[in-house]
>>> print(open('model26.txt').read())   # compact mmCIF, C-alpha atoms
# COMPACT_ATOMS: atom_id res chain seq x y z
CA MET V 1 0.00 0.00 0.00
CA SER V 2 1.33 3.42 -0.87
CA ILE V 3 2.07 5.65 2.07
CA VAL V 4 -0.38 8.29 0.85
CA GLU V 5 -3.43 6.12 0.26
CA SER V 6 -4.66 6.93 3.74
CA LYS V 7 -3.38 9.01 6.64
CA SER V 8 -3.71 6.08 9.01
CA ALA V 9 -1.39 4.02 6.83
CA ARG V 10 1.52 6.40 7.35
CA PRO V 11 4.42 4.34 8.75
CA LYS V 12 6.08 5.29 11.99
CA LEU V 13 9.36 7.12 11.78
CA GLY V 14 12.52 5.08 11.96
CA ARG V 15 11.61 2.31 9.53
CA GLY V 16 13.86 3.67 6.81
CA LEU V 17 13.50 4.14 3.08
CA ALA V 18 11.64 0.87 2.45
CA ALA V 19 8.93 1.85 4.92
CA LEU V 20 8.39 5.19 3.24
CA LEU V 21 8.06 3.60 -0.18
CA GLY V 22 5.89 0.68 0.86
CA GLU V 23 6.55 -2.65 2.59
CA ASP V 24 7.87 -4.53 -0.43
CA SER V 25 9.36 -1.72 -2.50
CA ALA V 26 12.95 -2.39 -1.47
CA GLU V 27 12.78 -5.93 -2.83
CA GLN V 28 10.63 -5.25 -5.86
CA SER V 29 12.46 -2.16 -7.11
CA THR V 30 15.44 -4.30 -8.12
CA GLU V 31 13.38 -6.57 -10.34
CA ALA V 32 11.34 -3.66 -11.64
CA VAL V 33 13.88 -2.84 -14.30
CA GLY V 34 13.73 -6.32 -15.73
CA THR V 35 10.01 -7.02 -15.41
CA GLY V 36 8.51 -3.57 -15.80
CA ARG V 37 6.11 -4.53 -12.98
CA LEU V 38 6.85 -1.44 -10.92
CA ALA V 39 9.08 0.78 -13.03
CA ARG V 40 8.14 2.47 -16.26
CA PHE V 41 10.49 4.02 -18.78
CA LEU V 42 10.06 7.77 -19.09
CA PRO V 43 11.86 10.36 -21.25
CA ILE V 44 14.86 11.59 -19.34
CA SER V 45 13.89 15.14 -20.28
CA SER V 46 10.56 14.80 -18.42
CA LEU V 47 12.38 14.52 -15.07
CA GLN V 48 13.69 17.40 -13.01
CA PRO V 49 15.59 17.62 -9.69
CA GLY V 50 13.54 17.70 -6.51
CA VAL V 51 13.09 21.00 -4.73
CA GLY V 52 13.90 19.36 -1.40
CA GLN V 53 16.96 17.49 -2.60
CA PRO V 54 19.51 17.90 0.22
CA ARG V 55 22.46 17.11 -2.00
CA ARG V 56 24.02 20.15 -3.61
CA GLN V 57 27.42 18.88 -4.77
CA PHE V 58 28.09 16.06 -7.23
CA ASP V 59 31.59 14.71 -7.74
CA GLU V 60 32.37 15.03 -11.45
CA ASP V 61 34.72 12.02 -11.59
CA ALA V 62 32.18 9.85 -9.77
CA LEU V 63 29.45 10.91 -12.22
CA ASP V 64 31.67 10.02 -15.16
CA SER V 65 32.38 6.62 -13.63
CA LEU V 66 28.68 5.96 -13.04
CA ALA V 67 27.86 7.10 -16.58
CA GLN V 68 30.37 4.58 -17.96
CA SER V 69 28.81 1.84 -15.85
CA ILE V 70 25.33 2.77 -17.14
CA ARG V 71 26.58 2.61 -20.75
CA GLU V 72 27.94 -0.88 -20.16
CA ARG V 73 25.26 -2.42 -17.90
CA GLY V 74 22.28 -0.09 -18.05
CA MET V 75 20.64 1.55 -15.05
CA LEU V 76 20.26 -1.19 -12.45
CA GLN V 77 18.13 0.77 -10.00
CA PRO V 78 15.12 2.89 -10.97
CA ILE V 79 14.67 6.54 -10.12
CA ILE V 80 11.87 7.35 -7.67
CA ALA V 81 9.73 10.30 -8.73
CA ARG V 82 6.34 11.93 -8.28
CA ARG V 83 4.14 13.68 -10.84
CA LEU V 84 4.18 17.46 -10.78
CA LYS V 85 0.78 18.95 -9.99
CA GLU V 86 1.24 21.89 -12.36
CA ASP V 87 2.40 19.73 -15.30
CA ALA V 88 1.13 16.18 -15.64
CA SER V 89 3.79 15.33 -18.20
CA SER V 90 6.70 16.26 -15.92
CA TYR V 91 8.04 14.52 -12.84
CA GLU V 92 10.03 15.57 -9.80
CA ILE V 93 12.89 13.30 -8.76
CA VAL V 94 12.58 12.22 -5.15
CA ALA V 95 15.47 9.75 -5.05
CA GLY V 96 18.06 9.09 -7.74
CA GLU V 97 19.17 12.49 -9.00
CA ARG V 98 22.76 11.28 -9.21
CA ARG V 99 21.67 8.35 -11.43
CA TRP V 100 19.62 10.75 -13.57
CA ARG V 101 22.61 13.05 -14.08
CA ALA V 102 24.86 10.11 -14.96
CA ALA V 103 22.24 8.75 -17.38
CA GLN V 104 22.26 12.10 -19.18
CA ARG V 105 26.03 11.84 -19.58
CA ALA V 106 25.63 8.29 -20.82
CA GLY V 107 23.29 9.53 -23.55
CA LEU V 108 20.16 7.66 -22.44
CA GLY V 109 16.87 8.90 -23.86
CA GLU V 110 14.72 7.07 -21.32
CA VAL V 111 15.26 5.87 -17.77
CA PRO V 112 13.34 3.47 -15.48
CA VAL V 113 11.20 5.35 -12.97
CA ILE V 114 9.01 4.26 -10.08
CA LEU V 115 6.18 6.78 -9.67
CA ARG V 116 4.74 7.37 -6.23
CA ASP V 117 2.02 9.69 -5.00
CA MET V 118 3.48 11.40 -1.96
CA THR V 119 3.28 14.57 0.06
CA ASP V 120 6.00 17.18 0.24
CA ARG V 121 6.87 15.81 3.67
CA ASP V 122 7.24 12.27 2.35
CA ALA V 123 9.39 13.49 -0.54
CA LEU V 124 11.75 15.34 1.79
CA GLU V 125 12.03 12.32 4.09
CA ILE V 126 12.82 9.94 1.25
CA ALA V 127 15.36 12.25 -0.37
CA LEU V 128 17.19 12.76 2.92
CA ILE V 129 17.08 9.14 4.07
CA GLU V 130 18.23 7.75 0.73
CA ASN V 131 21.25 10.03 0.63
CA ILE V 132 22.19 9.40 4.26
CA GLN V 133 21.89 5.63 3.86
CA ARG V 134 24.17 5.83 0.83
CA GLU V 135 26.52 8.24 2.65
CA ASP V 136 26.22 10.58 -0.33
CA LEU V 137 25.86 13.83 1.63
CA ASN V 138 28.60 16.01 3.00
CA PRO V 139 28.03 17.15 6.62
CA ILE V 140 26.65 20.56 5.66
CA GLU V 141 24.15 19.04 3.22
CA GLU V 142 23.03 16.55 5.87
CA ALA V 143 22.60 19.33 8.43
CA ALA V 144 20.63 21.45 5.95
CA GLY V 145 18.37 18.47 5.19
CA TYR V 146 17.56 18.10 8.88
CA GLN V 147 16.90 21.82 9.20
CA ASN V 148 14.60 21.74 6.19
CA LEU V 149 12.42 19.10 7.82
CA VAL V 150 12.38 21.06 11.09
CA ASN V 151 11.43 24.31 9.38
CA SER V 152 8.89 22.84 6.97
CA PHE V 153 7.14 20.26 9.13
CA GLY V 154 8.08 20.93 12.74
CA TYR V 155 10.20 17.83 13.27
CA THR V 156 11.90 17.44 16.61
CA GLN V 157 15.47 16.17 16.81
CA GLU V 158 14.09 12.96 18.29
CA ASP V 159 11.79 12.50 15.28
CA LEU V 160 14.66 13.11 12.89
CA ALA V 161 16.91 10.64 14.68
CA LYS V 162 14.28 7.90 14.37
CA ALA V 163 13.55 8.74 10.74
CA VAL V 164 17.15 8.48 9.55
CA GLY V 165 18.34 5.78 11.94
CA LYS V 166 20.80 8.02 13.76
CA SER V 167 21.18 8.96 17.40
CA ARG V 168 19.66 12.20 18.67
CA PRO V 169 23.12 13.57 19.66
CA HIS V 170 24.31 12.90 16.10
CA VAL V 171 21.43 14.92 14.66
CA ALA V 172 21.98 17.71 17.18
CA ASN V 173 25.71 17.87 16.46
CA MET V 174 25.16 17.93 12.71
CA MET V 175 22.63 20.75 12.94
CA ARG V 176 25.08 22.79 15.02
CA LEU V 177 27.30 22.96 11.93
CA LEU V 178 24.84 25.40 10.37
CA ASN V 179 26.04 27.95 12.96
CA LEU V 180 29.48 27.99 11.35
CA PRO V 181 30.60 31.09 9.43
CA PRO V 182 30.14 30.72 5.65
CA ALA V 183 33.86 30.24 5.00
CA LEU V 184 33.99 27.29 7.41
CA ARG V 185 30.86 25.73 5.91
CA THR V 186 32.63 25.85 2.55
CA HIS V 187 35.69 24.13 4.04
CA VAL V 188 33.46 21.35 5.37
CA SER V 189 31.40 21.03 2.17
CA GLU V 190 34.53 20.70 0.06
CA GLY V 191 36.17 18.21 2.41
CA ARG V 192 39.02 20.32 3.77
CA LEU V 193 37.56 20.08 7.27
CA SER V 194 35.63 17.20 8.80
CA ALA V 195 32.51 17.56 10.93
CA GLY V 196 34.71 16.85 13.97
CA HIS V 197 37.04 19.72 13.07
CA ALA V 198 34.07 22.02 12.56
CA ARG V 199 32.45 21.18 15.90
CA ALA V 200 35.73 21.90 17.67
CA LEU V 201 36.02 25.27 15.92
CA LEU V 202 32.44 26.28 16.75
CA VAL V 203 33.45 27.50 20.22
CA ALA V 204 36.59 29.34 19.07
CA GLN V 205 36.78 33.13 19.39
CA ASP V 206 38.09 33.44 15.85
CA PRO V 207 37.06 30.20 14.09
CA GLU V 208 37.94 31.39 10.58
CA LYS V 209 41.53 32.25 11.53
CA LEU V 210 42.00 28.96 13.36
CA ALA V 211 40.42 27.04 10.46
CA GLN V 212 43.09 28.41 8.13
CA ILE V 213 45.77 27.14 10.54
CA VAL V 214 44.10 23.72 10.75
CA VAL V 215 43.90 23.39 6.96
CA GLN V 216 47.41 24.68 6.31
CA ARG V 217 49.02 22.44 8.91
CA GLY V 218 46.82 19.40 8.36
CA LEU V 219 45.87 19.13 12.04
CA ASN V 220 43.69 16.24 13.21
CA VAL V 221 40.57 16.74 15.35
CA ARG V 222 42.37 16.30 18.68
CA GLN V 223 45.05 18.79 17.69
CA THR V 224 42.31 21.18 16.59
CA GLU V 225 40.58 20.87 19.98
CA ARG V 226 43.89 21.65 21.70
CA LEU V 227 44.39 24.60 19.38
CA VAL V 228 40.99 26.03 20.30
CA GLN V 229 41.67 25.56 24.03
CA GLU V 230 44.95 27.45 23.67
CA GLY V 231 43.36 30.14 21.56
CA GLY V 232 45.84 29.69 18.74
CA ILE V 233 49.19 28.18 17.91
CA LYS V 234 52.32 29.62 19.47
CA ALA V 235 54.89 30.76 16.96
CA PRO V 236 57.73 28.27 16.67
CA PRO V 237 60.96 29.44 18.31
CA LYS V 238 63.31 31.21 15.97
CA PRO V 239 66.46 29.28 15.21
CA SER V 240 69.50 30.57 17.10
CA THR V 241 71.93 32.70 15.12
CA ARG V 242 74.56 32.90 17.92
CA ASP V 243 78.10 31.70 17.46
CA PRO V 244 78.26 28.07 18.68
CA ASN V 245 81.77 28.74 20.07
CA ILE V 246 80.42 31.50 22.33
CA MET V 247 77.57 29.26 23.46
CA SER V 248 80.07 26.50 24.29
CA ALA V 249 82.24 28.94 26.29
CA GLU V 250 79.19 30.10 28.24
CA LYS V 251 78.40 26.52 29.20
CA ASP V 252 82.00 25.88 30.34
CA LEU V 253 81.96 28.99 32.52
CA SER V 254 78.58 28.15 34.01
CA ASP V 255 79.72 24.62 34.85
CA ALA V 256 82.97 25.84 36.40
CA LEU V 257 81.43 28.60 38.54
CA GLY V 258 78.04 27.05 39.29
CA LEU V 259 76.42 30.28 38.10
CA LYS V 260 74.75 31.33 34.90
CA ALA V 261 77.29 33.00 32.61
CA ALA V 262 76.55 35.05 29.48
CA LEU V 263 79.01 36.33 26.89
CA GLN V 264 77.84 39.39 25.00
CA PRO V 265 79.95 40.38 21.98
CA VAL V 266 80.59 44.12 21.61
CA GLY V 267 82.18 45.41 18.43
CA LYS V 268 84.26 43.17 16.21
CA ARG V 269 86.60 41.72 18.85
CA GLY V 270 85.49 42.67 22.33
CA GLY V 271 82.55 41.89 24.53
CA ARG V 272 81.40 41.60 28.10
CA LEU V 273 81.03 38.74 30.53
CA VAL V 274 77.86 38.73 32.63
CA LEU V 275 77.60 36.48 35.68
CA HIS V 276 74.22 36.02 37.38
CA TYR V 277 73.86 35.41 41.11
CA LYS V 278 70.70 34.78 43.13
CA ASP V 279 71.76 36.08 46.56
CA TYR V 280 74.65 37.48 48.59
CA ASP V 281 75.98 34.04 49.39
CA GLN V 282 76.43 33.31 45.69
CA LEU V 283 78.00 36.74 45.20
CA GLU V 284 80.45 36.13 48.07
CA PHE V 285 81.29 32.74 46.62
CA LEU V 286 81.92 34.28 43.23
CA ILE V 287 84.17 36.99 44.64
CA SER V 288 86.18 34.44 46.58
CA ARG V 289 86.64 32.36 43.43
CA LEU V 290 87.74 35.33 41.38
CA THR V 291 90.10 36.78 44.06
CA LYS V 292 91.17 33.38 45.36
CA ARG V 293 90.25 34.39 48.92
CA ASN V 294 89.53 31.75 51.52
CA HIS V 295 86.80 32.06 54.16
>>> encode(input="model26.txt", output="structure tokens")
Amino acid sequence: MSIVESKSARPKLGRGLAALLGEDSAEQSTEAVGTGRLARFLPISSLQPGVGQPRRQFDEDALDSLAQSIRERGMLQPIIARRLKEDASSYEIVAGERRWRAAQRAGLGEVPVILRDMTDRDALEIALIENIQREDLNPIEEAAGYQNLVNSFGYTQEDLAKAVGKSRPHVANMMRLLNLPPALRTHVSEGRLSAGHARALLVAQDPEKLAQIVVQRGLNVRQTERLVQEGGIKAPPKPSTRDPNIMSAEKDLSDALGLKAALQPVGKRGGRLVLHYKDYDQLEFLISRLTKRNH
């Protein structure tokens, strides 16, 4: 039974993509291409991307690879779509936009499609769940998909967690990423920063500056957390430009006298010797050593 045939038939959240499409759709959709029992072939030009599609980025190399596979083996899994109310001859893709794009590259004129009558809410759920189950979304796209369901249909984080098969803390943490500055969201979307990096940077006073440091230095999440706690990265010490012979002489003097000794060059040949003492006892000891006096 289709999920929109009656309101009472609406499945409970948390049963996944198969539940949203009908009890047996997950098993039957595979054989639909071969038998035509569920899928029908529609002109590829009659399909258009879904308004609620959470995915915004498509890897060009991956699309080319999928297009080559479709040329060789055909499209093994149908696209799921619904008829547009304003145009009965056009269809909105609910799940399978990536396959549709690859089929265009492969030069297909028609593609197998499973048509379902569904509400806007159902369409958003299916689009989000399918992409999450396939791990096709970057963290920002996933977070935006959750926010879309919250804004459009009043979902709670608990509802979302059940719908997509994730924990409530996972959903909450992902949605927090939408609080990132735009530059950081771009870093995450394009894979330069992980969701873990981004969550660590959320509490930083200057997250954009620290994000540049993280990316440039290739820091892991733990190092990023430490960076945020410290408020930045200390500049590395400058390499010493002092004469190693002078440094060696300073060490010999310090060892011999038991006091810190410093040699400070002055001019081309001369310099000064500085001896450091902590108290009068050390000073008296130093004087006795230099004048060879005995107590």
>>> residues_around(input="model26.txt", residues="stretch 196-203 of chain V", least_positions_apart="3", cutoff="9 Å", atoms="only C-alpha atoms", output="PyMOL selection string")
chain V and resi 173-174+176-177+179-181+184-185+187-188+193+206-208+210-211+214+219-222+224-225+228
>>> closest_residue(input="model26.txt", among="V:Ala249, V:Leu137, V:Ser69, V:Leu47", to="V:Gly109", atoms="all atoms listed in the file")
V:Leu47
>>> atom_distance(input="model26.txt", atom1="atom CA of V:Ile140", atom2="atom CA of V:Leu178")
7.0 Å
>>> atom_distance(input="model26.txt", atom1="atom CA of V:Pro244", atom2="atom CA of V:Tyr277")
24.0 Å
>>> axis_aligned_box(input="model26.txt", around="stretch 89-93 of chain V", padding_each_side="8 Å", output="AutoDock Vina command-line options")
--center_x 8.3 --center_y 14.8 --center_z -13.5 --size_x 25.1 --size_y 19.0 --size_z 25.4
>>> residues_around(input="model26.txt", residues="V:Gly258", least_positions_apart="5", cutoff="12 Å", atoms="all atoms listed in the file", output="list of chain:residue names")
V:Glu250, V:Lys251, V:Asp252, V:Leu253, V:Leu275, V:His276, V:Tyr277, V:Lys278, V:Gln282, V:Leu283, V:Phe285, V:Leu286, V:Arg289
>>> closest_residue(input="model26.txt", among="V:Leu76, V:Ala102, V:Ala88, V:Val164", to="V:Glu60", atoms="all atoms listed in the file")
V:Ala102
>>> residues_near_point(input="model26.txt", point="(4.0, 15.0, -19.6)", cutoff="10 Å", atoms="all atoms listed in the file", output="list in words")
Leu42, Pro43, Ser45, Ser46, Leu47, Arg83, Leu84, Asp87, Ala88, Ser89, Ser90 and Tyr91 of chain V
>>> atom_distance(input="model26.txt", atom1="atom CA of V:Arg82", atom2="atom CA of V:Ala103")
18.6 Å
>>> residues_around(input="model26.txt", residues="V:Ile80", least_positions_apart="3", cutoff="10 Å", atoms="all atoms listed in the file", output="VMD selection string")
chain V and resid 21 29 39 77 91 to 97 112 to 116 123 126 to 127
